[in-house]
$ cat coords_0.csv   # CSV, C-alpha atoms
chain,number,residue,atom,x,y,z
A,1,MET,CA,-1.6,-21.8,-6.4
A,2,GLN,CA,-3.9,-20.2,-4.0
A,3,ILE,CA,-2.5,-19.5,-0.5
A,4,PRO,CA,-5.1,-20.3,2.2
A,5,VAL,CA,-6.3,-17.3,4.2
A,6,TRP,CA,-8.3,-17.1,7.4
A,7,ARG,CA,-10.9,-14.4,6.6
A,8,GLU,CA,-13.0,-12.3,8.9
A,9,THR,CA,-15.5,-9.8,7.7
A,10,LEU,CA,-16.8,-7.0,10.0
A,11,PRO,CA,-19.9,-4.9,9.1
A,12,GLU,CA,-18.4,-1.8,10.8
A,13,ILE,CA,-15.0,-1.2,12.3
A,14,ASP,CA,-13.1,1.9,13.4
A,15,SER,CA,-9.8,0.6,11.8
A,16,THR,CA,-9.0,-2.9,10.6
A,17,ASN,CA,-5.3,-2.3,11.5
A,18,THR,CA,-6.2,-1.3,15.1
A,19,TYR,CA,-8.5,-4.3,15.4
A,20,CYS,CA,-5.7,-6.7,14.3
A,21,LEU,CA,-3.0,-5.0,16.4
A,22,THR,CA,-5.2,-5.2,19.5
A,23,ALA,CA,-5.9,-8.9,18.9
A,24,LEU,CA,-2.2,-9.7,18.4
A,25,ARG,CA,-1.1,-7.7,21.5
A,26,ASN,CA,-3.8,-9.5,23.6
A,27,LYS,CA,-2.6,-12.8,22.2
A,28,HIS,CA,-6.0,-13.8,20.8
A,29,PRO,CA,-5.7,-17.0,18.8
A,30,VAL,CA,-5.5,-16.3,15.1
A,31,ASN,CA,-4.4,-18.3,12.0
A,32,LEU,CA,-2.1,-16.6,9.6
A,33,PRO,CA,-2.4,-15.3,7.0
A,34,TRP,CA,-5.4,-13.5,8.5
A,35,LEU,CA,-7.5,-11.2,6.4
A,36,VAL,CA,-9.9,-8.7,8.2
A,37,VAL,CA,-12.3,-6.9,5.9
A,38,GLY,CA,-14.2,-3.9,7.2
A,39,GLU,CA,-17.4,-3.3,5.2
A,40,LYS,CA,-17.6,0.1,6.7
A,41,GLN,CA,-14.5,1.7,8.3
A,42,THR,CA,-15.0,4.8,10.4
A,43,ALA,CA,-11.5,5.8,11.6
A,44,GLY,CA,-9.0,4.6,9.1
A,45,ARG,CA,-5.4,5.5,9.7
A,46,GLY,CA,-2.5,6.5,7.4
A,47,ARG,CA,1.1,7.2,8.1
A,48,GLY,CA,1.9,9.5,11.0
A,49,GLU,CA,-1.2,11.6,11.9
A,50,ASN,CA,-2.9,11.1,8.5
A,51,ARG,CA,-6.4,9.8,8.3
A,52,TRP,CA,-8.0,7.7,5.5
A,53,PHE,CA,-11.3,9.1,4.3
A,54,ALA,CA,-13.4,6.0,3.4
A,55,GLY,CA,-17.0,6.5,2.4
A,56,ASN,CA,-19.5,3.8,2.2
A,57,GLY,CA,-18.5,1.2,-0.4
A,58,ALA,CA,-14.7,1.6,-0.1
A,59,LEU,CA,-12.6,-1.5,0.2
A,60,THR,CA,-10.7,-1.5,3.5
A,61,PHE,CA,-8.9,-4.5,4.8
A,62,SER,CA,-5.9,-5.6,6.8
A,63,LEU,CA,-3.8,-8.7,5.9
A,64,VAL,CA,-1.7,-10.1,8.8
A,65,ILE,CA,1.3,-12.3,7.9
A,66,SER,CA,4.3,-13.8,9.7
A,67,PRO,CA,7.5,-12.8,7.9
A,68,ALA,CA,8.9,-16.2,8.8
A,69,ASP,CA,6.1,-18.0,7.0
A,70,PHE,CA,7.3,-16.3,3.8
A,71,ASP,CA,11.1,-16.5,4.5
A,72,LEU,CA,11.2,-12.7,4.6
A,73,LYS,CA,14.4,-11.5,6.2
A,74,SER,CA,14.9,-8.1,7.8
A,75,ASP,CA,16.8,-6.7,4.8
A,76,THR,CA,13.8,-7.3,2.6
A,77,LEU,CA,11.1,-5.9,4.8
A,78,GLY,CA,11.7,-2.4,3.5
A,79,LEU,CA,10.4,-3.6,0.1
A,80,LEU,CA,7.0,-4.8,1.5
A,81,SER,CA,5.2,-1.5,1.0
A,82,LEU,CA,6.4,-1.1,-2.6
A,83,SER,CA,5.6,-4.8,-3.3
A,84,THR,CA,2.1,-4.3,-1.9
A,85,GLY,CA,1.6,-1.2,-4.1
A,86,VAL,CA,2.7,-2.9,-7.3
A,87,ALA,CA,0.6,-6.0,-6.4
A,88,ILE,CA,-2.5,-3.8,-6.0
A,89,CYS,CA,-1.8,-2.2,-9.4
A,90,GLU,CA,-1.3,-5.5,-11.2
A,91,ALA,CA,-4.4,-7.0,-9.6
A,92,LEU,CA,-6.7,-4.1,-10.5
A,93,GLU,CA,-5.3,-4.0,-14.0
A,94,SER,CA,-6.1,-7.7,-14.4
A,95,PHE,CA,-9.7,-6.7,-14.1
A,96,TYR,CA,-9.6,-3.3,-15.8
A,97,GLY,CA,-6.8,-3.1,-18.4
A,98,GLN,CA,-7.8,0.4,-19.4
A,99,LEU,CA,-6.5,1.8,-16.0
A,100,SER,CA,-3.1,3.3,-15.9
A,101,LEU,CA,-2.1,3.0,-12.3
A,102,LYS,CA,1.0,4.5,-10.6
A,103,VAL,CA,2.8,3.9,-7.3
A,104,LYS,CA,3.8,6.9,-5.3
A,105,TRP,CA,6.8,6.0,-3.1
A,106,PRO,CA,6.5,4.6,-0.5
A,107,ASN,CA,2.9,3.6,0.1
A,108,ASP,CA,0.2,5.1,-2.2
A,109,VAL,CA,-1.5,4.1,-5.5
A,110,TYR,CA,-2.5,6.8,-7.9
A,111,LEU,CA,-4.9,7.1,-10.8
A,112,ASN,CA,-5.2,10.2,-13.0
A,113,ALA,CA,-2.8,12.1,-10.7
A,114,LYS,CA,-5.0,11.5,-7.7
A,115,LYS,CA,-4.8,9.0,-4.8
A,116,LEU,CA,-6.7,5.8,-5.2
A,117,ALA,CA,-5.3,3.6,-2.5
A,118,GLY,CA,-3.1,3.8,0.6
A,119,ILE,CA,-1.0,1.3,2.5
A,120,LEU,CA,-0.1,1.2,6.1
A,121,ILE,CA,2.2,-1.5,7.5
A,122,GLU,CA,2.5,-2.0,11.3
A,123,SER,CA,3.8,-4.5,13.8
A,124,ALA,CA,2.5,-5.4,17.2
A,125,HIS,CA,5.8,-7.1,18.4
A,126,GLY,CA,8.6,-5.5,16.4
A,127,PRO,CA,10.0,-6.6,13.0
A,128,GLU,CA,10.2,-10.2,14.1
A,129,GLY,CA,6.5,-10.5,14.9
A,130,PRO,CA,3.4,-10.6,12.7
A,131,LEU,CA,3.0,-7.7,10.3
A,132,VAL,CA,-0.3,-6.0,9.8
A,133,ILE,CA,-0.7,-4.7,6.2
A,134,GLY,CA,-3.6,-2.3,6.0
A,135,VAL,CA,-5.0,-1.3,2.6
A,136,GLY,CA,-7.7,1.2,1.7
A,137,ILE,CA,-8.9,1.5,-1.9
A,138,ASN,CA,-11.6,3.8,-3.2
A,139,THR,CA,-13.8,1.3,-5.0
A,140,HIS,CA,-17.6,1.5,-4.7
A,141,ASN,CA,-17.6,4.7,-2.7
A,142,SER,CA,-18.3,7.9,-4.6
A,143,LEU,CA,-16.2,11.0,-3.7
A,144,LEU,CA,-18.7,13.4,-5.2
A,145,ASN,CA,-20.0,14.2,-1.7
A,146,ALA,CA,-16.5,14.1,0.0
A,147,PRO,CA,-14.9,17.3,1.4
A,148,VAL,CA,-13.6,19.5,-1.3
A,149,ASP,CA,-10.0,19.0,-0.4
A,150,VAL,CA,-10.5,15.2,-0.6
A,151,GLN,CA,-12.1,15.5,-4.1
A,152,GLN,CA,-9.1,17.5,-5.3
A,153,ARG,CA,-6.5,14.9,-4.2
A,154,ALA,CA,-8.4,11.6,-4.3
A,155,ILE,CA,-10.3,9.4,-6.8
A,156,SER,CA,-12.6,6.4,-6.7
A,157,LEU,CA,-13.0,3.6,-9.2
A,158,GLY,CA,-16.7,3.9,-8.8
A,159,ASP,CA,-16.6,7.4,-10.3
A,160,VAL,CA,-14.6,6.4,-13.4
A,161,LEU,CA,-15.8,2.9,-14.2
A,162,THR,CA,-19.3,1.8,-15.1
A,163,ASP,CA,-18.9,-1.9,-14.5
A,164,LEU,CA,-17.1,-2.5,-11.3
A,165,ASP,CA,-16.7,-5.9,-9.7
A,166,SER,CA,-17.8,-6.5,-6.1
A,167,ASN,CA,-15.4,-5.8,-3.2
A,168,ASP,CA,-15.4,-9.5,-2.3
A,169,THR,CA,-14.1,-10.4,-5.8
A,170,LEU,CA,-11.6,-7.6,-5.7
A,171,VAL,CA,-10.2,-8.3,-2.3
A,172,ASP,CA,-9.7,-12.0,-3.0
A,173,THR,CA,-7.6,-11.3,-6.1
A,174,ILE,CA,-5.7,-8.4,-4.5
A,175,THR,CA,-4.7,-10.3,-1.4
A,176,GLN,CA,-3.6,-13.4,-3.4
A,177,ARG,CA,-1.4,-11.1,-5.6
A,178,MET,CA,0.0,-9.6,-2.4
A,179,LEU,CA,0.8,-12.9,-0.8
A,180,GLN,CA,2.4,-14.3,-4.0
A,181,SER,CA,4.6,-11.3,-4.2
A,182,TYR,CA,5.7,-11.7,-0.6
A,183,LEU,CA,6.4,-15.4,-1.2
A,184,ALA,CA,8.6,-14.6,-4.2
A,185,LEU,CA,10.4,-11.9,-2.2
A,186,GLY,CA,11.2,-14.5,0.5
A,187,GLN,CA,12.2,-17.3,-1.8
A,188,SER,CA,14.3,-15.4,-4.3
A,189,PRO,CA,15.1,-12.0,-2.7
A,190,ALA,CA,17.8,-10.8,-5.1
A,191,GLU,CA,16.0,-11.8,-8.2
A,192,THR,CA,12.6,-10.5,-7.0
A,193,SER,CA,14.1,-7.2,-5.7
A,194,GLU,CA,15.5,-6.5,-9.2
A,195,SER,CA,12.1,-7.5,-10.8
A,196,LEU,CA,10.2,-5.3,-8.3
A,197,ARG,CA,12.5,-2.4,-9.0
A,198,ASP,CA,11.8,-2.7,-12.7
A,199,ARG,CA,8.0,-3.1,-12.2
A,200,PHE,CA,7.9,-0.2,-9.8
A,201,GLN,CA,10.0,2.0,-12.1
A,202,SER,CA,7.6,1.5,-15.0
A,203,ARG,CA,4.7,2.9,-12.9
A,204,SER,CA,6.5,5.3,-10.6
A,205,TYR,CA,4.3,8.4,-10.0
A,206,LEU,CA,7.4,10.5,-9.0
A,207,ASP,CA,9.6,9.6,-11.9
A,208,ARG,CA,11.7,12.6,-13.1
A,209,LEU,CA,9.7,14.9,-10.9
A,210,ASP,CA,11.1,17.6,-8.5
A,211,VAL,CA,10.3,16.4,-5.0
A,212,THR,CA,11.1,17.1,-1.3
A,213,ILE,CA,11.5,14.4,1.3
A,214,THR,CA,11.0,15.4,5.0
A,215,THR,CA,12.7,13.2,7.6
A,216,GLY,CA,12.3,14.7,11.1
A,217,GLU,CA,13.3,18.3,10.9
A,218,THR,CA,15.3,17.9,7.7
A,219,ILE,CA,14.0,18.6,4.2
A,220,HIS,CA,15.8,17.1,1.2
A,221,GLN,CA,15.2,18.2,-2.4
A,222,GLY,CA,16.0,16.6,-5.7
A,223,ILE,CA,14.7,15.0,-8.9
A,224,CYS,CA,13.4,11.4,-8.4
A,225,ILE,CA,15.3,9.0,-10.6
A,226,GLY,CA,14.1,5.6,-9.3
A,227,ILE,CA,14.6,3.2,-6.4
A,228,ASP,CA,17.4,0.9,-5.4
A,229,THR,CA,17.0,-2.9,-4.7
A,230,ARG,CA,16.3,-2.2,-1.0
A,231,GLY,CA,13.4,0.1,-1.9
A,232,GLY,CA,15.1,3.4,-1.2
A,233,LEU,CA,14.1,6.4,-3.3
A,234,ILE,CA,17.0,7.9,-5.3
A,235,LEU,CA,17.2,11.6,-5.8
A,236,GLN,CA,19.5,13.5,-8.1
A,237,THR,CA,20.7,16.6,-6.2
A,238,PRO,CA,23.2,19.3,-6.9
A,239,ALA,CA,25.6,17.3,-4.6
A,240,GLY,CA,25.0,14.0,-6.4
A,241,THR,CA,22.6,11.1,-5.9
A,242,LYS,CA,21.1,10.6,-2.5
A,243,THR,CA,19.0,7.5,-1.4
A,244,HIS,CA,16.3,7.8,1.2
A,245,TYR,CA,14.6,4.9,2.9
A,246,ALA,CA,12.1,6.8,5.0
A,247,GLY,CA,10.4,10.2,5.0
A,248,THR,CA,7.4,12.1,3.7
A,249,VAL,CA,7.6,12.9,0.0
A,250,ARG,CA,5.9,15.7,-1.8
A,251,LEU,CA,6.0,17.3,-5.2
A,252,ARG,CA,7.7,20.7,-5.0
A,253,SER,CA,4.8,22.1,-7.0
A,254,GLU,CA,2.3,21.2,-4.3

$ encode --input "coords_0.csv" --output "structure tokens"
Amino acid sequence: MQIPVWRETLPEIDSTNTYCLTALRNKHPVNLPWLVVGEKQTAGRGRGENRWFAGNGALTFSLVISPADFDLKSDTLGLLSLSTGVAICEALESFYGQLSLKVKWPNDVYLNAKKLAGILIESAHGPEGPLVIGVGINTHNSLLNAPVDVQQRAISLGDVLTDLDSNDTLVDTITQRMLQSYLALGQSPAETSESLRDRFQSRSYLDRLDVTITTGETIHQGICIGIDTRGGLILQTPAGTKTHYAGTVRLRSE
């Protein structure tokens, strides 16, 4: 069953997330779910001070939902980023089964050990208000002319596939997969959390790798051994297992 979406396409935008947040804070009338697609995004944002490099042809969009419309409770909201990442992987693999996509906790999708997509979830009015789920995917944009550091850590579908569907086709399938995953999480939170954990684990980019997680001024180190049903990353450390629900994670080899 397709979930109806109110869609808006903008030829050029600085950031689809900023556009949506501003509209919500100014109480502009919108129908939810609300999808804003930026055909060209000039100032995409990532977590913290990170910026998203999006050349011409990238798929950049924000999907705005009300948690109440999907029966999403506060204790399941921590799973939204992982649920979104897995949904993106499953949607793209439904088109291109030859891809082997991974999810890097908590908010990135990887292909061939390089970043393919990023996710940024924000709220204009706290956790009870609408959530803005921003997604950037390197699709029809080539990274061959990107800065060298971007080429070393990022990848585009357009540079590895010869027959790539339009961004319009891709965004429709991806957003429906996202919405269906949120609906399942709200309707059957315990069962869906277990399923999500298994689906994430099978494609975890960090599985069995030595990582550090930085939270504030504190750096934690350990071997990634999975996630719990609340979406926390579990590390095996000399002192035992520790679970982290926030932070910036890096491979120790980086």

$ atom_distance --input "coords_0.csv" --atom1 "atom CA of A:Ala23" --atom2 "atom CA of A:Asp168"
23.2 Å

$ residues_around --input "coords_0.csv" --residues "A:Asn56" --least-positions-apart "2" --cutoff "12 Å" --atoms "only C-alpha atoms" --output "PyMOL selection string"
chain A and resi 11-12+38-42+53-54+58-60+137-143+145-146+156+158+167

$ closest_residue --input "coords_0.csv" --among "A:Asp159, A:Leu24, A:Thr175, A:Thr243" --to "A:Leu144" --atoms "only C-alpha atoms"
A:Asp159

$ closest_residue --input "coords_0.csv" --among "A:Leu82, A:Ala154, A:Leu233, A:Leu101" --to "A:Thr248" --atoms "all atoms listed in the file"
A:Leu233

$ atom_distance --input "coords_0.csv" --atom1 "atom CA of A:Pro106" --atom2 "atom CA of A:Pro189"
18.8 Å

$ atom_distance --input "coords_0.csv" --atom1 "atom CA of A:Ser123" --atom2 "atom CA of A:Ile213"
23.9 Å

$ closest_residue --input "coords_0.csv" --among "A:Ala91, A:Val211, A:Ile3, A:Leu79" --to "A:Tyr245" --atoms "only C-alpha atoms"
A:Leu79

$ closest_residue --input "coords_0.csv" --among "A:Leu21, A:Ile88, A:Ile155, A:Val150" --to "A:Met178" --atoms "all atoms listed in the file"
A:Ile88

$ residues_around --input "coords_0.csv" --residues "A:Ile223" --least-positions-apart "6" --cutoff "9 Å" --atoms "all atoms listed in the file" --output "list of chain:residue names"
A:Leu206, A:Asp207, A:Arg208, A:Leu209, A:Asp210, A:Val211, A:Thr212, A:Ile234, A:Leu235, A:Gln236, A:Thr237

$ residues_around --input "coords_0.csv" --residues "A:Ala184" --least-positions-apart "2" --cutoff "12 Å" --atoms "all atoms listed in the file" --output "MDAnalysis selection string"
chainID A and resid 69:72 76 79:80 83 87 177:182 186:196

$ closest_residue --input "coords_0.csv" --among "A:Pro4, A:Val148, A:Asp14, A:Leu32" --to "A:Gln176" --atoms "only C-alpha atoms"
A:Pro4

$ closest_residue --input "coords_0.csv" --among "A:Val5, A:Ala239, A:Ile174, A:Val30" --to "A:Cys89" --atoms "all atoms listed in the file"
A:Ile174
